Structure formats: structure tokens, C-alpha cells
Amino acid sequence: MSTNSKVLALKYRPKVFSDLIGQEVVSDTIYNSIKYDKIPNAFLFTGIRGVGKTTIARLIAKALNCKNNVENLCNENLCESCNSISNSNNIDVLEMDAASKTGVDDVRDLIEFSRYGPTSSKYKIFIIDEVHMLSKQAFNALLKTLEEPPEYLKFIFATTELKKIPITILSRCQRFDLSRVRSEELFMYIKKICDLENGNISDEALKLIVKISEGSVRDSLSLLDRALLSNDKEKRLELSDIQKIFGYFDKSHLIKIFEYILKGDQNKTLEAYKNIYNQGVEPKIFLNDFLEILYYFKNINSLNESTKNFDLNNDEFVAIKEISINLNSETLILFWQFTINTLGELDIVADQNISIEMFLIRLLHIKSIKMKDYKDYSNIHIKSDEKKLETKIQKKRDPINQIKSVVQEKSLNDIETNKIKTKNISIKSLSDLIDLCNVKKEVKLKYELENNVNLVSFEHGRIEISINEKLEKDFIKILSAKLLEWTKERWMITLSKKTGEKSKKESDEDVKNKLFENVKKTETYKKILQTFSDAELIDIEIKKDE
């Protein structure tokens with residue numbers, strides 16, 4: 001493949017350490033370790049996608065095996081070793097993708113291969129990408145070789161999921177955390193490449209590309225590649241063009257929607273949103289940008305031109321500052337909470353567009369709520385208290401001495417009744433907890449308690465259960481939250497290695513089986529079988545008086 005036909009991310013891949021951007025501390029440390037021959041047995045690079053993990057791994061391989069040493073690392077005129085590493089065909093530098101080779105057999109083959117010294121290079125190097133994908137057995141197989149490898153062998157690991165790597169592996173590696181590249185630095189970098197590619201793109205458009213890439217160099221180059229391919233070089237690519245290409249929209253439209261919400265104009269609010277949606281903007285992107293605007297409204301007085309970080313132009317900055325004068329923090333915080341809640345809703349609704357419209361309508365109805373209406377805002381649960389919030393809003397808007405509607409009375413009475421019920425809740429056993437889940441209509445929680453919980457001990461404020469792989473991963477978190485909500489007390493739920501009692505379902509089945517056995521021993525059952533030889537006992541009904 002010729003250099004010109006390569007995608008930008010490959011064409012402009014760093015060839016020496018000085019080409020790296022945003023990772024100066026890491027590159028300097030590695031450069032010095034190689035220069036002064038203080039090379040660790042294994043390197044581990046972690047960070048988000050596209051910040052240079054695999055690139056640095058290849059640079060290390062080149063620096064260790066370059067014929068000209070690290071001080072004169074090949075850049076343009078590559079030596080035989082550097083050339084073969086750059087083309088991924090060096091016999092002594094093995095790159096492995098752990099996502100496709102996760103098993104212990106793959107690692108054993110690697111270890112077997114490591115027994116032989118390098119063929120033509122100084123070091124034999126194993127680069128394992130996405131190393132967290134290896135199985136537990138594969139990691140265990142690596143331990144001994146990783147701790148005491150031959151002098152000629154070096155490991156380089158890269159991962160985006162550091163927490164999934166065993167601590168025994170981490171302790172044997174020299175770890176480097178690669179940070180997201182700062183917006184200003186990334187902007188200057190892609191602007192330079194855009195000029196080299198004779199691209200005709202405005203600075204504002206490039207800044208949006210930087211924002212979308214979220215600090216990833218590879219993402220920014222891929223987006224720039226797409227933008228350049230979408231444009232006639234004789235025509236300048238402006239911000240509006242980039243917004244259409246990548247499905248982003250002008251922040252001024254979002255500020256207008258915010259204004260309409262504050263004025264209580266439902267028709268204009270929904271119309272403005274539909275215009276944005278028709279541009280191809282995804283609901284999740286809309287909500288994330290809405291959160292960003294909320295942040296600016298809340299903190300606009302502490303921001304200035306240098307801290308905007310390309311997200312607002314001058315007109316938008318001024319507009320937000322003017323609107324924020326008449327806003328209180330409590331309303332903004334409440335808006336933030338509803339937006340976060342709606343982001344969660346998007347994963348369970350079929351039509352996300354409808355969910356956004358209902359979200360905007362809800363904001364229209366709560367815009368005038370003051371913080372004094374709530375004694376403890378931090379404990380507001382949007383899903384369960386939404387009806388309560390709407391009732392409070394309605395109550396606030398009603399004229400003094402106006403007779404409450406039947407629906408309002410009933411709603412308020414229900415709230416008071418629920419408060420009384422909550423105060424009197426007492427949970428003394430697992431059976432009590434299961435019954436309470438039934439009352440509260442927590443069907444999923446009830447199912448887990450009955451089928452997958454093996455109780456070790458139960459006392460007030462503390463439940464100990466045995467480890468069960470069938471339990472949902474969020475079971476303990478959900479149960480703790482519900483117990484706090486129902487009893488107004490914190491409960492400690494712990495997992496134990498003890499066997500524990502049988503689950504309620506298993507216990508019920510044992511009782512039923514024992515009952516079946518007893519019935520089959522009765523004379524009545526035997527007489528029935530004598531008369532009907534193919535009869536089968538299916539179920540037993542116990543009368544109340546028995």
C-alpha cells in the first residue's frame with residue numbers, strides 16, 4: 001500500500017518518540033529507561049482508545065532493536081530492523097491480539113516460542129493488545145515467565161480495561177497511564193495535518209472534530225479523513241457542514257429551547273426539538289449536549305473566553321450569561337436530575353424520540369419549582385416521586401382557597417398513607433422481606449430472593465447470604481437501595497463462602513416432594529392405583545381446616 005493511499009491515522013502514525021503528542025512524560029520516561037539501560041521486564045499501557053498505546057509499544061520495539069540505538073532512532077531512512085517492525089513482519093517482534101487469542105494454549109505457545117533467543121535482533125519482544133481479554137488460566141501461565149524472563153525477552157501489554165487485569169500481573173509490570181490529549185494540542189495537530197493534506201476546513205469546524213473525538217488522536221484523524229472525503233477542495237468546509245456530516249447541531253438551537261422552556265411555551269419547545277431531530281441528531285447526543293448547556297448556565301460566571309474550550313462561540317456565551325441572571329441553582333439542579341434520568345430511559349423505550357418529547361414536557365411543568373418545596377433534595381428519586389412532584393407543582397399554581405380536585409386529594413392522601421406504611425415497616429426474616437417485595441410490586445427482586453438466595457444469617461440491619469453465580473450482578477446494590485427506601489435505615493448485605501440454607505424455592509419443592517411421598521403411602525392412593533393403573537399424582541390440595 002502506498003503512503004498516499006493510507007488512512008490518515010496510519011499515514012501520520014508517529015515514527016519516533018518526539019512525534020508523540022499529549023504523552024510527553026511517558027515518552028521521556030521510556031526514552032531514558034532505554035538510554036540508560038534500565039529496561040523493565042514488562043511494560044503496561046492503559047488509556048482510552050486512540051491515545052497511543054500500540055504506537056508506543058512499536059516505538060519501544062524499534063528503540064530496543066534499532067541498529068542506530070535510541071539516540072539516533074530511525075525516522076526517514078529506516079534500518080532493516082525498524083523497517084520490518086514498521087511493516088509488522090519482524091520475526092523477533094510478535095504482535096498478538098488477546099481479543100482473538102484468549103486461551104491458555106495460545107499463551108503456552110507464546111512461552112514455548114520465548115525459549116529461543118532472537119534471530120536477528122537484540123531483543124525478542126511480545127506485544128499483546130487488549131491484554132485484559134486473556135482468560136484467568138492464560139494469565140496464570142504467564143506469571144513465572146513475566147517475573148523472570150530471559151535477558152533477551154521483553155513484554156509490552158496494552159489495555160483499555162485495567163481493572164480486569166489480575167493484580168499479580170500488574171505488580172510484575174511497569175505501568176503507564178496514557179491521558180486524553182488536551183483539546184488545544186489536538187486542534188493544533190489536526191490543523192497541521194489538514195494543511196499537509198491541502199484540506200479546506202475552517203478552524204471552527206476543526207474544533208468540533210476535536211470535541212467529538214473526546215481526546216482520542218485516532219478518532220480525530222478518522223473524523224478528519226471523513227470530512228476531507230466529504231468536501232470539494234474548492235469549497236471551504238464550515239462548522240455547519242461538519243455538524244451535518246457528524247449529526248451535531250448548533251448550540252444556539254439548544255439555548256433557544258431552554259428559553260422556550262423557561263417561558264412555558266410548549267409548542268415552540270417541541271417544534272424547535274423536532275427541527276433538531278430532523279437534522280439527524282440522535283436523542284442521546286441531544287441529552288448529553290443538554291447536560292452541557294445546563295453546566296454552562298450553572299457555572300457561566302466562573303467561565304471566561306479562555307476556559308470555554310471550543311464549546312461556545314461568543315454569541316452563545318453572551319446569550320447564556322444574560323439568561324442565567326434570572327435562574328436559580330435549584331431549578332438547574334432539578335433539570336440536571338431529570339436529564340440524567342431520561343438518559344436511562346432511552347435504553348428501555350422503543351421510540352427514543354417520544355421519550356425526549358415527554359422529557360421536555362416534564363421540564364415545562366417543573367420549571368418554577370423552588371428548592372424550599374423540598375426538605376431533602378438529595379434523596380429525590382425521580383422515577384418514584386415524579387407523581388409527587390407534579391402534585392406539588394399543581395398545588396403551587398392553584399389560586400389560594402381553590403377547592404382541591406378529587407384527583408389531587410386522592411394523590412395527597414396516597415402520599416400520606418405511604419409515609420405511614422413506611423414508618424411501620426418491620427423486617428425480621430427473609431420471609432418478611434419477600435412479602436414486602438410482593439406488596440411493593442418488586443417482582444424481579446422477589447424472584448431473586450425466592451430462587452437464588454441461600455441465606456446464611458438474618459438480623460436487623462444485616463443480611464448474610466452465600467455466593468451464588470445465578471444472582472443478578474446488581475442484586476446487592478438494588479436490594480440495599482430498596483431497604484434504605486423502605487425502612488429509612490442502612491442495611492449491610494454481605495456475601496459468604498458458607499453454604500447457607502436452601503433457597504425458598506428449593507425448600508418449597510422439598511416440602512412438596514415429602515408431601516407427595518406421604519400421600520403415595522396412604523391406602524386411598526393405593527386403592528386408586530388398583531382401579532386406575534395408569535393414574536399419576538399431579539398435585540395436592542390441602543384444605544384450610546387440615
# chains A, B, ... in the order shown; residues from 1 in each chain; ligands from 1
>>> residues_around(residues="Ser240 (chain A)", least_positions_apart="5", cutoff="12 Å", atoms="only C-alpha atoms", output="PyMOL selection string")
chain A and resi 201-202+204-206+208+245-251+279
>>> residues_around(residues="Ile21 (chain A)", least_positions_apart="4", cutoff="12 Å", atoms="only C-alpha atoms", output="ChimeraX atom specification")
/A:12-14,16-17,25-28,50-52,55-56,178-190,215-218
>>> residues_around(residues="Arg175 (chain A)", least_positions_apart="5", cutoff="7 Å", atoms="only C-alpha atoms", output="VMD selection string")
chain A and resid 43 to 45
>>> write_last_selection(atoms="C-alpha atoms", output="compact mmCIF listing (two decimals), in the first residue's frame")
# COMPACT_ATOMS: atom_id res chain seq x y z
CA PHE A 43 5.54 -2.51 30.07
CA LEU A 44 1.80 -1.99 30.59
CA PHE A 45 -0.02 0.86 28.82
>>> closest_atom_pairs(of="region 80-186 of chain A", to="region 66-71 of chain A", cutoff="10 Å", atoms="only C-alpha atoms", output="JSON lines")
{"residue": "A:Glu80", "atom": "CA", "partner": "A:Lys67", "partner_atom": "CA", "distance": 8.1}
{"residue": "A:Ser81", "atom": "CA", "partner": "A:Cys66", "partner_atom": "CA", "distance": 6.0}
{"residue": "A:Cys82", "atom": "CA", "partner": "A:Cys66", "partner_atom": "CA", "distance": 6.0}
{"residue": "A:Asn83", "atom": "CA", "partner": "A:Cys66", "partner_atom": "CA", "distance": 9.5}
{"residue": "A:Ile85", "atom": "CA", "partner": "A:Cys66", "partner_atom": "CA", "distance": 9.8}
{"residue": "A:Ser121", "atom": "CA", "partner": "A:Cys66", "partner_atom": "CA", "distance": 8.4}
{"residue": "A:Lys122", "atom": "CA", "partner": "A:Cys66", "partner_atom": "CA", "distance": 8.7}
>>> closest_residue(among="A:Leu495, A:Val107, A:Ala158, A:Leu287", to="Leu346 (chain A)", atoms="only C-alpha atoms")
A:Leu287
>>> residues_around(residues="Leu223 (chain A)", least_positions_apart="3", cutoff="10 Å", atoms="only C-alpha atoms", output="CSV table (one decimal) with N, CA and C atoms, in the first residue's frame")
chain,number,residue,atom,x,y,z
A,8,LEU,N,-5.5,8.5,7.3
A,8,LEU,CA,-4.6,9.5,8.0
A,8,LEU,C,-4.0,8.9,9.3
A,9,ALA,N,-4.8,8.1,10.0
A,9,ALA,CA,-4.4,7.5,11.3
A,9,ALA,C,-3.1,6.7,11.1
A,206,LEU,N,-12.9,22.4,12.6
A,206,LEU,CA,-11.8,21.5,13.2
A,206,LEU,C,-12.0,21.4,14.7
A,209,ILE,N,-14.5,18.8,15.4
A,209,ILE,CA,-14.0,17.5,15.3
A,209,ILE,C,-13.2,17.1,16.5
A,210,VAL,N,-12.4,18.0,17.1
A,210,VAL,CA,-11.7,17.8,18.3
A,210,VAL,C,-12.6,17.4,19.5
A,212,ILE,N,-15.7,16.1,19.3
A,212,ILE,CA,-16.3,14.8,19.1
A,212,ILE,C,-15.3,13.7,19.4
A,213,SER,N,-14.1,13.9,19.1
A,213,SER,CA,-13.1,12.8,19.3
A,213,SER,C,-12.8,12.5,20.8
A,217,VAL,N,-6.6,10.7,19.6
A,217,VAL,CA,-5.9,11.1,18.4
A,217,VAL,C,-6.4,10.4,17.2
A,218,ARG,N,-6.6,9.0,17.3
A,218,ARG,CA,-7.0,8.2,16.2
A,218,ARG,C,-8.4,8.6,15.7
A,219,ASP,N,-9.3,8.9,16.7
A,219,ASP,CA,-10.7,9.3,16.4
A,219,ASP,C,-10.7,10.6,15.6
A,220,SER,N,-9.9,11.6,16.1
A,220,SER,CA,-9.8,12.9,15.4
A,220,SER,C,-9.3,12.8,14.0
A,226,ARG,N,-12.8,11.6,7.1
A,226,ARG,CA,-14.2,11.5,6.6
A,226,ARG,C,-14.6,12.9,6.1
A,227,ALA,N,-14.2,14.0,6.9
A,227,ALA,CA,-14.6,15.3,6.5
A,227,ALA,C,-13.9,15.7,5.2
A,228,LEU,N,-12.6,15.4,5.0
A,228,LEU,CA,-11.9,15.7,3.8
A,228,LEU,C,-12.5,15.0,2.6
A,229,LEU,N,-13.0,13.7,2.8
A,229,LEU,CA,-13.6,13.0,1.7
A,229,LEU,C,-15.0,13.5,1.3
A,242,ILE,N,-19.8,20.5,9.0
A,242,ILE,CA,-19.4,19.4,9.9
A,242,ILE,C,-20.5,18.9,10.8
A,245,ILE,N,-22.5,16.5,8.7
A,245,ILE,CA,-21.8,15.3,8.4
A,245,ILE,C,-21.8,14.3,9.6
A,246,PHE,N,-21.6,14.9,10.9
A,246,PHE,CA,-21.5,14.1,12.1
A,246,PHE,C,-22.7,14.1,12.9
>>> residues_around(residues="region 487-493 of chain A", least_positions_apart="3", cutoff="9 Å", atoms="only C-alpha atoms", output="MDAnalysis selection string")
chainID A and resid 422:427 460:465 476:477 479:484
>>> residues_around(residues="Thr168 (chain A)", least_positions_apart="6", cutoff="10 Å", atoms="only C-alpha atoms", output="PyMOL selection string")
chain A and resi 139-140+143+147
>>> residues_around(residues="Asn278 (chain A)", least_positions_apart="2", cutoff="12 Å", atoms="only C-alpha atoms", output="NGL selection string")
:A and (244 or 247-249 or 271-276 or 280-283 or 353)
>>> write_last_selection(atoms="C-alpha atoms", output="mmCIF file, in the first residue's frame")
data_model
loop_
_atom_site.group_PDB
_atom_site.id
_atom_site.type_symbol
_atom_site.label_atom_id
_atom_site.label_comp_id
_atom_site.auth_asym_id
_atom_site.auth_seq_id
_atom_site.Cartn_x
_atom_site.Cartn_y
_atom_site.Cartn_z
ATOM 1 C CA LYS A 244 -24.476 17.865 9.222
ATOM 2 C CA GLY A 247 -25.021 14.675 13.247
ATOM 3 C CA TYR A 248 -24.204 17.571 15.609
ATOM 4 C CA PHE A 249 -26.157 20.790 15.885
ATOM 5 C CA GLU A 271 -41.140 22.497 17.315
ATOM 6 C CA ALA A 272 -37.534 23.528 17.988
ATOM 7 C CA TYR A 273 -36.667 19.987 19.122
ATOM 8 C CA LYS A 274 -38.285 18.429 16.029
ATOM 9 C CA ASN A 275 -36.146 20.667 13.820
ATOM 10 C CA ILE A 276 -33.038 19.366 15.577
ATOM 11 C CA GLY A 280 -30.410 13.509 12.117
ATOM 12 C CA VAL A 281 -29.289 14.257 15.683
ATOM 13 C CA GLU A 282 -29.503 11.186 17.939
ATOM 14 C CA PRO A 283 -31.594 11.581 21.147
ATOM 15 C CA ASN A 353 -37.802 10.471 20.071
#
>>> atom_distance(atom1="CA of Glu448 (chain A)", atom2="CA of Asn513 (chain A)")
22.3 Å
